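Below: coords-v8.cif (mmCIF, C-alpha atoms and all ligand atoms)
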data_query
#
loop_
_atom_site.label_atom_id
_atom_site.label_comp_id
_atom_site.auth_asym_id
_atom_site.auth_seq_id
_atom_site.Cartn_x
_atom_site.Cartn_y
_atom_site.Cartn_z
CA MET A 17 -87.61 -47.09 16.15
CA LYS A 18 -86.43 -43.65 15.12
CA THR A 19 -83.81 -43.70 17.89
CA ILE A 20 -82.51 -47.12 16.81
CA THR A 21 -82.30 -45.97 13.19
CA ALA A 22 -80.41 -42.87 14.26
CA ILE A 23 -77.96 -44.94 16.34
CA LEU A 24 -77.41 -47.37 13.44
CA ILE A 25 -76.77 -44.47 11.06
CA ILE A 26 -74.19 -43.04 13.47
CA ILE A 27 -72.47 -46.43 13.93
CA PHE A 28 -72.32 -47.19 10.21
CA SER A 29 -71.32 -43.71 9.13
CA SER A 30 -68.58 -43.43 11.76
CA SER A 31 -67.08 -46.78 10.73
CA ALA A 32 -67.21 -45.69 7.07
CA PHE A 33 -65.46 -42.45 7.97
CA SER A 34 -62.67 -44.20 9.75
CA GLN A 35 -61.45 -46.28 6.81
CA ILE A 36 -58.51 -44.72 5.04
CA LYS A 37 -59.06 -44.66 1.30
CA PHE A 38 -56.76 -43.90 -1.57
CA LYS A 39 -57.28 -42.80 -5.16
CA TRP A 40 -54.57 -42.48 -7.78
CA LEU A 41 -54.67 -39.80 -10.48
CA GLY A 42 -51.48 -40.60 -12.37
CA ILE A 43 -47.74 -40.17 -11.63
CA THR A 44 -47.73 -39.52 -7.85
CA ALA A 45 -51.01 -37.59 -7.75
CA MET A 46 -53.23 -39.22 -5.13
CA THR A 47 -55.81 -38.55 -2.50
CA ILE A 48 -55.69 -40.13 0.94
CA SER A 49 -58.89 -39.68 2.89
CA ASP A 50 -60.53 -40.77 6.15
CA GLY A 51 -63.91 -39.54 4.95
CA LYS A 52 -63.63 -36.29 6.91
CA THR A 53 -60.25 -35.08 5.72
CA THR A 54 -58.80 -35.54 2.24
CA LEU A 55 -55.13 -34.93 1.53
CA PHE A 56 -54.21 -34.39 -2.12
CA PHE A 57 -50.57 -35.16 -2.89
CA ASP A 58 -48.79 -33.93 -6.02
CA PRO A 59 -51.71 -32.76 -8.19
CA ALA A 60 -50.40 -33.07 -11.74
CA ILE A 61 -53.34 -34.14 -13.87
CA THR A 62 -52.42 -31.89 -16.81
CA ARG A 63 -50.04 -33.77 -19.10
CA PHE A 64 -47.42 -32.40 -21.44
CA GLY A 65 -45.79 -34.06 -24.43
CA PRO A 66 -42.02 -34.28 -25.01
CA LEU A 67 -42.07 -31.10 -27.16
CA ASP A 68 -43.52 -29.11 -24.25
CA PHE A 69 -40.23 -29.69 -22.43
CA LEU A 70 -38.19 -27.83 -25.06
CA PRO A 71 -36.36 -24.93 -23.35
CA PHE A 72 -38.41 -22.19 -25.05
CA LYS A 73 -41.88 -23.77 -24.64
CA LYS A 74 -44.29 -22.48 -22.00
CA VAL A 75 -46.75 -24.69 -20.15
CA GLN A 76 -49.68 -24.21 -17.81
CA SER A 77 -52.36 -26.07 -15.89
CA ASN A 78 -55.33 -27.14 -18.02
CA HIS A 79 -58.21 -26.33 -15.66
CA ALA A 80 -60.88 -28.01 -17.82
CA GLU A 81 -58.85 -31.24 -17.86
CA VAL A 82 -58.30 -31.06 -14.09
CA ASP A 83 -62.01 -30.44 -13.44
CA TYR A 84 -62.95 -33.34 -15.73
CA TRP A 85 -60.79 -35.87 -13.88
CA LEU A 86 -61.57 -34.57 -10.39
CA ASN A 87 -65.23 -34.93 -11.23
CA ARG A 88 -64.82 -38.35 -12.79
CA CYS A 89 -62.67 -39.57 -9.87
CA GLY A 90 -65.17 -38.18 -7.33
CA VAL A 91 -62.74 -35.80 -5.63
CA LYS A 92 -65.25 -33.42 -4.07
CA SER A 93 -63.38 -31.82 -1.19
CA VAL A 94 -59.73 -31.41 -0.28
CA GLN A 95 -58.33 -30.16 3.04
CA ALA A 96 -54.64 -29.93 2.05
CA THR A 97 -52.57 -29.90 -1.12
CA ILE A 98 -49.12 -31.36 -0.45
CA VAL A 99 -46.34 -31.38 -3.04
CA ASN A 100 -43.16 -33.46 -2.85
CA HIS A 101 -41.05 -31.42 -5.31
CA ALA A 102 -41.43 -28.58 -7.79
CA HIS A 103 -41.11 -30.34 -11.18
CA THR A 104 -44.18 -29.92 -13.41
CA ASP A 105 -45.18 -33.59 -13.18
CA HIS A 106 -45.85 -33.16 -9.43
CA VAL A 107 -46.91 -29.55 -9.04
CA ILE A 108 -48.49 -28.17 -12.22
CA ASP A 109 -52.10 -28.27 -10.96
CA ALA A 110 -51.37 -27.69 -7.26
CA PRO A 111 -52.19 -23.95 -7.22
CA TYR A 112 -55.46 -24.52 -9.09
CA VAL A 113 -56.52 -27.40 -6.81
CA THR A 114 -55.62 -25.32 -3.75
CA LYS A 115 -57.75 -22.39 -4.97
CA LYS A 116 -60.62 -24.59 -6.16
CA PHE A 117 -61.00 -26.31 -2.78
CA GLN A 118 -60.06 -23.19 -0.78
CA THR A 119 -57.36 -25.06 1.04
CA LYS A 120 -53.66 -24.68 1.77
CA LEU A 121 -50.60 -25.60 -0.31
CA PHE A 122 -47.79 -27.36 1.58
CA GLY A 123 -44.37 -27.55 -0.06
CA SER A 124 -40.75 -26.42 -0.31
CA THR A 125 -39.83 -22.75 -0.83
CA SER A 126 -39.78 -23.50 -4.58
CA VAL A 127 -43.32 -24.97 -4.49
CA LEU A 128 -44.52 -21.97 -2.47
CA ASN A 129 -43.05 -19.62 -5.08
CA ILE A 130 -45.12 -21.43 -7.71
CA GLY A 131 -48.17 -20.84 -5.48
CA ARG A 132 -47.31 -17.15 -5.07
CA GLY A 133 -46.87 -16.69 -8.82
CA HIS A 134 -50.32 -18.22 -9.32
CA GLY A 135 -51.91 -15.73 -6.90
CA LEU A 136 -52.03 -17.70 -3.65
CA SER A 137 -51.69 -15.57 -0.52
CA ASN A 138 -49.30 -16.30 2.34
CA GLU A 139 -52.26 -17.60 4.40
CA GLU A 140 -52.77 -20.28 1.72
CA LEU A 141 -49.14 -21.43 1.81
CA GLN A 142 -47.20 -23.47 4.34
CA GLU A 143 -43.54 -24.32 4.03
CA ILE A 144 -42.35 -27.89 4.57
CA LYS A 145 -39.02 -28.51 6.28
CA ASP A 146 -36.99 -31.64 6.94
CA GLY A 147 -38.39 -33.30 10.07
CA GLY A 148 -41.29 -30.84 10.16
CA ILE A 149 -44.63 -32.11 11.46
CA PHE A 150 -48.04 -30.78 10.48
CA LYS A 151 -51.54 -31.88 11.49
CA ILE A 152 -54.52 -31.88 9.15
CA GLY A 153 -57.72 -33.30 10.67
CA ASP A 154 -56.76 -36.62 12.27
CA PHE A 155 -53.68 -36.97 10.06
CA THR A 156 -50.22 -36.13 11.39
CA ILE A 157 -47.65 -35.78 8.62
CA THR A 158 -43.91 -35.74 9.08
CA SER A 159 -41.76 -34.65 6.15
CA TYR A 160 -38.29 -36.00 5.39
CA ASN A 161 -35.88 -34.53 2.91
CA THR A 162 -35.16 -37.24 0.31
CA PRO A 163 -33.11 -35.66 -2.48
CA HIS A 164 -34.30 -36.14 -6.07
CA PRO A 165 -32.06 -38.57 -7.97
CA PRO A 166 -30.68 -37.59 -11.39
CA HIS A 167 -32.74 -38.43 -14.47
CA ALA A 168 -31.64 -40.92 -17.12
CA GLY A 169 -27.96 -40.80 -17.96
CA GLY A 170 -27.05 -39.30 -14.56
CA ILE A 171 -28.21 -35.84 -15.65
CA MET A 172 -30.41 -33.82 -13.32
CA LEU A 173 -32.89 -31.82 -15.36
CA MET A 174 -34.44 -28.63 -13.96
CA ASP A 175 -32.04 -28.52 -11.05
CA GLY A 176 -31.85 -25.74 -8.46
CA HIS A 177 -34.48 -23.73 -6.62
CA ILE A 178 -37.27 -21.38 -7.70
CA GLU A 179 -36.18 -18.14 -6.06
CA LYS A 180 -39.10 -15.88 -6.97
CA PRO A 181 -42.84 -16.17 -7.72
CA LEU A 182 -43.38 -18.20 -10.89
CA PRO A 183 -46.32 -17.06 -13.04
CA PRO A 184 -48.78 -19.58 -14.56
CA HIS A 185 -47.51 -19.32 -18.12
CA SER A 186 -43.86 -20.32 -17.63
CA ARG A 187 -41.41 -22.71 -19.24
CA ALA A 188 -41.34 -26.29 -17.94
CA TRP A 189 -37.63 -25.59 -17.49
CA ASP A 190 -38.47 -22.89 -14.92
CA TYR A 191 -40.02 -25.50 -12.65
CA LYS A 192 -36.78 -26.23 -10.81
CA VAL A 193 -36.77 -29.20 -8.46
CA GLY A 194 -36.21 -27.39 -5.12
CA ASP A 195 -36.13 -29.62 -2.03
CA THR A 196 -37.76 -33.04 -2.31
CA PHE A 197 -39.72 -34.57 0.54
CA SER A 198 -41.14 -37.95 1.46
CA PHE A 199 -43.92 -38.20 4.03
CA TYR A 200 -44.85 -40.34 7.01
CA ILE A 201 -48.61 -40.12 7.38
CA SER A 202 -49.93 -41.15 10.80
CA HIS A 203 -53.59 -41.60 11.65
CA PRO A 204 -55.41 -43.35 14.52
CA LYS A 205 -56.12 -46.08 11.95
CA GLY A 206 -52.45 -46.72 11.15
CA ASN A 207 -49.40 -45.42 9.33
CA ILE A 208 -48.62 -44.87 5.68
CA LEU A 209 -45.24 -44.11 4.17
CA TYR A 210 -45.13 -42.11 0.96
CA GLN A 211 -41.60 -42.44 -0.40
CA ALA A 212 -41.50 -39.85 -3.16
CA VAL A 213 -38.26 -41.04 -4.78
CA ALA A 214 -37.10 -44.56 -5.56
CA ASP A 215 -33.70 -44.36 -3.88
CA ILE A 216 -33.09 -42.79 -0.50
CA ASP A 217 -29.91 -42.22 1.47
CA LEU A 218 -28.96 -45.09 3.79
CA ASN A 219 -28.76 -42.66 6.73
CA SER A 220 -32.30 -41.37 6.18
CA PRO A 221 -34.57 -41.78 9.24
CA LEU A 222 -37.12 -43.16 6.78
CA HIS A 223 -35.46 -46.58 7.11
CA LYS A 224 -36.56 -46.79 10.74
CA LEU A 225 -40.25 -46.04 10.24
CA LYS A 226 -42.92 -48.70 10.62
CA SER A 227 -45.96 -48.49 8.39
CA GLU A 228 -48.70 -50.81 7.25
CA ILE A 229 -48.75 -49.31 3.77
CA ALA A 230 -45.84 -48.17 1.60
CA LEU A 231 -46.54 -45.92 -1.38
CA ILE A 232 -43.33 -45.83 -3.38
CA SER A 233 -42.21 -44.01 -6.52
CA ILE A 234 -40.51 -46.73 -8.50
CA ALA A 235 -39.54 -44.95 -11.74
CA ASN A 236 -35.81 -44.57 -12.21
CA ARG A 237 -35.01 -46.99 -9.36
CA THR A 238 -31.54 -48.46 -9.02
CA SER A 239 -33.08 -51.87 -8.33
CA THR A 240 -36.14 -53.55 -6.85
CA GLU A 241 -33.87 -55.31 -4.34
CA LYS A 242 -32.75 -51.93 -3.00
CA ILE A 243 -36.36 -50.82 -2.45
CA LEU A 244 -37.17 -54.20 -0.91
CA THR A 245 -34.27 -54.27 1.56
CA GLU A 246 -34.07 -50.56 2.35
CA THR A 247 -37.75 -49.58 2.52
CA VAL A 248 -40.30 -52.35 2.24
CA LYS A 249 -38.75 -54.80 4.73
CA PRO A 250 -37.72 -52.23 7.41
CA THR A 251 -41.21 -50.63 7.36
CA LYS A 252 -42.80 -54.09 7.72
CA ALA A 253 -45.47 -52.89 5.28
CA SER A 254 -48.10 -55.48 4.39
CA MET A 255 -49.05 -53.71 1.17
CA VAL A 256 -47.00 -51.79 -1.38
CA ILE A 257 -48.52 -49.49 -3.99
CA PRO A 258 -46.01 -48.55 -6.71
CA LEU A 259 -46.34 -44.97 -7.97
CA HIS A 260 -44.79 -43.00 -10.87
CA ILE A 261 -45.48 -46.01 -13.07
CA ASP A 262 -47.21 -44.32 -16.00
CA ASN A 263 -45.85 -42.55 -19.06
CA PHE A 264 -46.96 -38.99 -18.35
CA LEU A 265 -45.57 -37.77 -21.69
CA TYR A 266 -48.57 -39.37 -23.41
CA PRO A 267 -51.96 -37.63 -23.23
CA MET A 268 -54.42 -39.12 -20.75
CA LYS A 269 -56.90 -41.44 -22.43
CA LYS A 270 -60.59 -41.03 -21.70
CA THR A 271 -60.73 -44.77 -20.94
CA GLY A 272 -58.60 -44.07 -17.87
CA GLU A 273 -56.00 -46.62 -18.99
CA VAL A 274 -52.38 -45.54 -18.72
CA ASP A 275 -49.25 -46.56 -20.60
CA LEU A 276 -46.38 -47.70 -18.41
CA TRP A 277 -43.17 -45.67 -18.20
CA TRP A 278 -40.41 -46.84 -20.53
CA GLY A 279 -38.36 -49.68 -19.04
CA LEU A 280 -40.34 -49.69 -15.78
CA LYS A 281 -40.28 -53.51 -15.36
CA LEU A 282 -43.45 -53.47 -13.27
CA ASP A 283 -43.85 -57.27 -13.43
CA GLU A 284 -40.34 -57.74 -12.08
CA PHE A 285 -41.05 -55.29 -9.24
CA THR A 286 -44.38 -56.91 -8.35
CA GLN A 287 -43.04 -60.44 -8.43
CA LYS A 288 -39.96 -59.73 -6.31
CA ILE A 289 -42.00 -57.95 -3.61
CA MET A 290 -44.71 -60.62 -3.63
CA ASN A 291 -42.07 -63.35 -3.29
CA HIS A 292 -41.61 -62.02 0.25
CA GLY A 293 -45.30 -62.44 1.11
CA ILE A 294 -46.05 -58.74 0.69
CA LYS A 295 -49.11 -57.65 -1.25
CA VAL A 296 -48.58 -55.35 -4.23
CA HIS A 297 -51.49 -53.30 -5.50
CA ILE A 298 -50.96 -51.73 -8.91
CA PRO A 299 -53.14 -48.63 -8.90
CA LYS A 300 -55.71 -47.88 -11.58
CA TYR A 301 -56.61 -44.29 -12.42
CA CYS A 302 -59.51 -43.09 -10.21
CA GLU A 303 -59.99 -46.48 -8.52
CA GLU A 304 -60.74 -46.24 -4.79
CA VAL A 305 -58.56 -48.53 -2.65
CA THR A 306 -58.99 -49.11 1.08
CA LEU A 307 -55.59 -48.73 2.72
CA LEU A 308 -56.55 -49.13 6.38
CA ASN A 309 -59.74 -50.57 7.85
ZN ZN B 1 -38.85 -34.71 -10.63
#
Translate the structure of the given file into structure tokens.
Ligand SMILES: [Zn+2]
Amino acid sequence: MKTITAILIIIFSSSAFSQIKFKWLGITAMTISDGKTTLFFDPAITRFGPLDFLPFKKVQSNHAEVDYWLNRCGVKSVQATIVNHAHTDHVIDAPYVTKKFQTKLFGSTSVLNIGRGHGLSNEELQEIKDGGIFKIGDFTITSYNTPHPPHAGGIMLMDGHIEKPLPPHSRAWDYKVGDTFSFYISHPKGNILYQAVADIDLNSPLHKLKSEIALISIANRTSTEKILTETVKPTKASMVIPLHIDNFLYPMKKTGEVDLWWGLKLDEFTQKIMNHGIKVHIPKYCEEVTLLN
């Protein structure tokens, strides 16, 4: 009887481990986990208001706030922190999360300089390059340079690269974009595309990738049609999760509800994708979603 119980435990636990699960923590912060290995993309749980972006204002990670939401969202272990670009709304808590979980920070030279300024050692940092491949547990991640589009009005805020270590108490304006990457995440269970920006160059190899799941930043998109024809259809994804949907300039509510970004037109996005028979899952803060069975 004991042997049978042990076998059943192994069977059930191994099948539970093999599902790929996702949790969203606002903007493009998310965990992707197979139960053994958890990847944490773009940890930016700390939120700043519009006045914090004034050129003379300094900002820093709010560790108590980060701990609160990690705890509430059940993020207990992390094997890699991966950052798509060096603006505060994608990177601000990355050094803290990396230290807390004693893991490694993956990012551009600008992201690594943020890590260095926050006391991470070279052993805790790994540079991402266009076309570079790195393995973490059973995940194989390929990075693709997908330049950051300008902000509203065609103006690129916080442009350039971070050339030297950036200390924790710095101006939001010092968090210069650096290189921006999207990621193709392969696992024995299937493939996931994380497109970090809404619009990508037509020549990008990203257009040729096949993935069951497409996680796409949709803020500041040229059009839903462009995302549909250039990413969603070529990937043949069966499910799309829109990211960068929330207004991160508002403080996070304890209810976990988020306000949508101004002019996001989420209903229009959802409807147009669903019209093509593709499922759209609008993420809820902390909610666990099974991506691959
Ligand atoms: Zn940005």
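Selecting all polymer residues at most 7 Å from ligand ZN 1 (chain B), using only C-alpha atoms and all ligand atoms, gives His101, His103, Asp105, His164 and Val193 of chain A.
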CA of Val296 (chain A) to CA of Ser254 (chain A), straight-line distance in Å: 8.6 Å
Cut-off 9 Å around (-53.2, -19.1, -0.1) with all atoms listed in the file: residues as number ranges by chain: A: 111, 114-115, 118-121, 131-132, 135-142
Contact residues around Val274 (chain A) with all atoms listed in the file at 9 Å, ignoring same-chain residues under 3 positions, as a PyMOL selection string: chain A and resi 42+261-264+266+268-269+271+300-301
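Closest to Thr62 (chain A) among A:Pro267, A:Pro183, A:Pro250, A:Gly206 is A:Pro267, based on all atoms listed in the file.
For the choices A:Ile208, A:Leu67, A:Val213, A:Cys89, the atom-to-atom distance to His167 (chain A) is smallest for A:Val213 when using all atoms listed in the file.
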Distance of CA of Ile36 (chain A) from CA of Met255 (chain A), expressed in Å to one decimal place: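 Computed distance, CA of Met255 (chain A) to CA of Ile36 (chain A), equals 13.6 Å.
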Using all atoms listed in the file: which of A:Phe38, A:Glu228, A:Gly133, A:Lys252 has the shortest distance to Pro181 (chain A): A:Gly133
Point-to-point distance from CA of Phe56 (chain A) to CA of Thr156 (chain A), Å rounded to tenths: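 So the two atoms, CA of Phe56 (chain A) and CA of Thr156 (chain A), lie 14.2 Å apart.
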Within 12 Å of Met290 (chain A) using all atoms listed in the file, minus same-chain residues under 2 positions, as a list of chain:residue names: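 The filter keeps A:Thr240, A:Leu244, A:Val248, A:Lys249, A:Ala253, A:Ser254, A:Met255, A:Val256, A:Ile257, A:Asp283, A:Glu284, A:Phe285, A:Thr286, A:Gln287, A:Lys288, A:His292, A:Gly293, A:Ile294, A:Lys295, A:Val296, A:His297.
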Using all atoms listed in the file: which of A:Ile243, A:Leu86, A:Ile216, A:Met172 has the shortest distance to Ala60 (chain A):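 Among A:Ile243, A:Leu86, A:Ile216, A:Met172, it is A:Leu86 that comes nearest to Ala60 (chain A).
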Emit as lines of an AutoDock Vina configuration file the padded axis-aligned box for all listed atoms of region 127-138 of chain A, 4 Å per side, with centre and edge lengths in Å to one decimal.
center_x = -47.5
center_y = -20.3
center_z = -3.5
size_x = 17.0
size_y = 17.4
size_z = 19.7
Selection: 7 Å around Ala214 (chain A), all atoms listed in the file, excl. self and same-chain fewer than 4 positions, as a PyMOL selection string: chain A and resi 232-237
Residue neighbourhood Tyr210 (chain A), 9 Å, all atoms listed in the file, exclusion window fewer than 5 positions, as a PDB file with C-alpha atoms, keeping the file's coordinate frame:
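Contents of part_10.pdb, freshly written:
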ATOM      1  CA  SER A 198     -41.140 -37.950   1.460  1.00  0.00           C
ATOM      2  CA  PHE A 199     -43.920 -38.200   4.030  1.00  0.00           C
ATOM      3  CA  TYR A 200     -44.850 -40.340   7.010  1.00  0.00           C
ATOM      4  CA  ILE A 201     -48.610 -40.120   7.380  1.00  0.00           C
ATOM      5  CA  ILE A 229     -48.750 -49.310   3.770  1.00  0.00           C
ATOM      6  CA  ALA A 230     -45.840 -48.170   1.600  1.00  0.00           C
ATOM      7  CA  LEU A 231     -46.540 -45.920  -1.380  1.00  0.00           C
ATOM      8  CA  ILE A 232     -43.330 -45.830  -3.380  1.00  0.00           C
ATOM      9  CA  SER A 233     -42.210 -44.010  -6.520  1.00  0.00           C
TER      10      SER A 233
END
Shortest interatomic distance to Ser186 (chain A) - which of A:Glu273, A:Thr306, A:Leu70, A:Thr53, counting all atoms listed in the file: A:Leu70
Neighbour residues at most 12 Å from (-32.6, -27.6, -17.2) (all atoms listed in the file) as a list in words: Phe69, Leu70, Pro71, Phe72, His103, Pro166, His167, Ile171, Met172, Leu173, Met174, Asp175, Gly176, His177, Arg187, Ala188, Trp189, Asp190, Tyr191, Lys192 and Val193 of chain A
Output for the residues just chosen: C-alpha atoms as a PDB file, in the coordinates of the input:
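Full text of result_17.pdb as output:
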ATOM      1  CA  PHE A  69     -40.230 -29.690 -22.430  1.00  0.00           C
ATOM      2  CA  LEU A  70     -38.190 -27.830 -25.060  1.00  0.00           C
ATOM      3  CA  PRO A  71     -36.360 -24.930 -23.350  1.00  0.00           C
ATOM      4  CA  PHE A  72     -38.410 -22.190 -25.050  1.00  0.00           C
ATOM      5  CA  HIS A 103     -41.110 -30.340 -11.180  1.00  0.00           C
ATOM      6  CA  PRO A 166     -30.680 -37.590 -11.390  1.00  0.00           C
ATOM      7  CA  HIS A 167     -32.740 -38.430 -14.470  1.00  0.00           C
ATOM      8  CA  ILE A 171     -28.210 -35.840 -15.650  1.00  0.00           C
ATOM      9  CA  MET A 172     -30.410 -33.820 -13.320  1.00  0.00           C
ATOM     10  CA  LEU A 173     -32.890 -31.820 -15.360  1.00  0.00           C
ATOM     11  CA  MET A 174     -34.440 -28.630 -13.960  1.00  0.00           C
ATOM     12  CA  ASP A 175     -32.040 -28.520 -11.050  1.00  0.00           C
ATOM     13  CA  GLY A 176     -31.850 -25.740  -8.460  1.00  0.00           C
ATOM     14  CA  HIS A 177     -34.480 -23.730  -6.620  1.00  0.00           C
ATOM     15  CA  ARG A 187     -41.410 -22.710 -19.240  1.00  0.00           C
ATOM     16  CA  ALA A 188     -41.340 -26.290 -17.940  1.00  0.00           C
ATOM     17  CA  TRP A 189     -37.630 -25.590 -17.490  1.00  0.00           C
ATOM     18  CA  ASP A 190     -38.470 -22.890 -14.920  1.00  0.00           C
ATOM     19  CA  TYR A 191     -40.020 -25.500 -12.650  1.00  0.00           C
ATOM     20  CA  LYS A 192     -36.780 -26.230 -10.810  1.00  0.00           C
ATOM     21  CA  VAL A 193     -36.770 -29.200  -8.460  1.00  0.00           C
TER      22      VAL A 193
END
From A:Lys116, A:His203, A:Arg63, A:Lys270, residue lying nearest Gln35 (chain A) [only C-alpha atoms]: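 Nearest candidate to Gln35 (chain A) out of A:Lys116, A:His203, A:Arg63, A:Lys270: A:His203.
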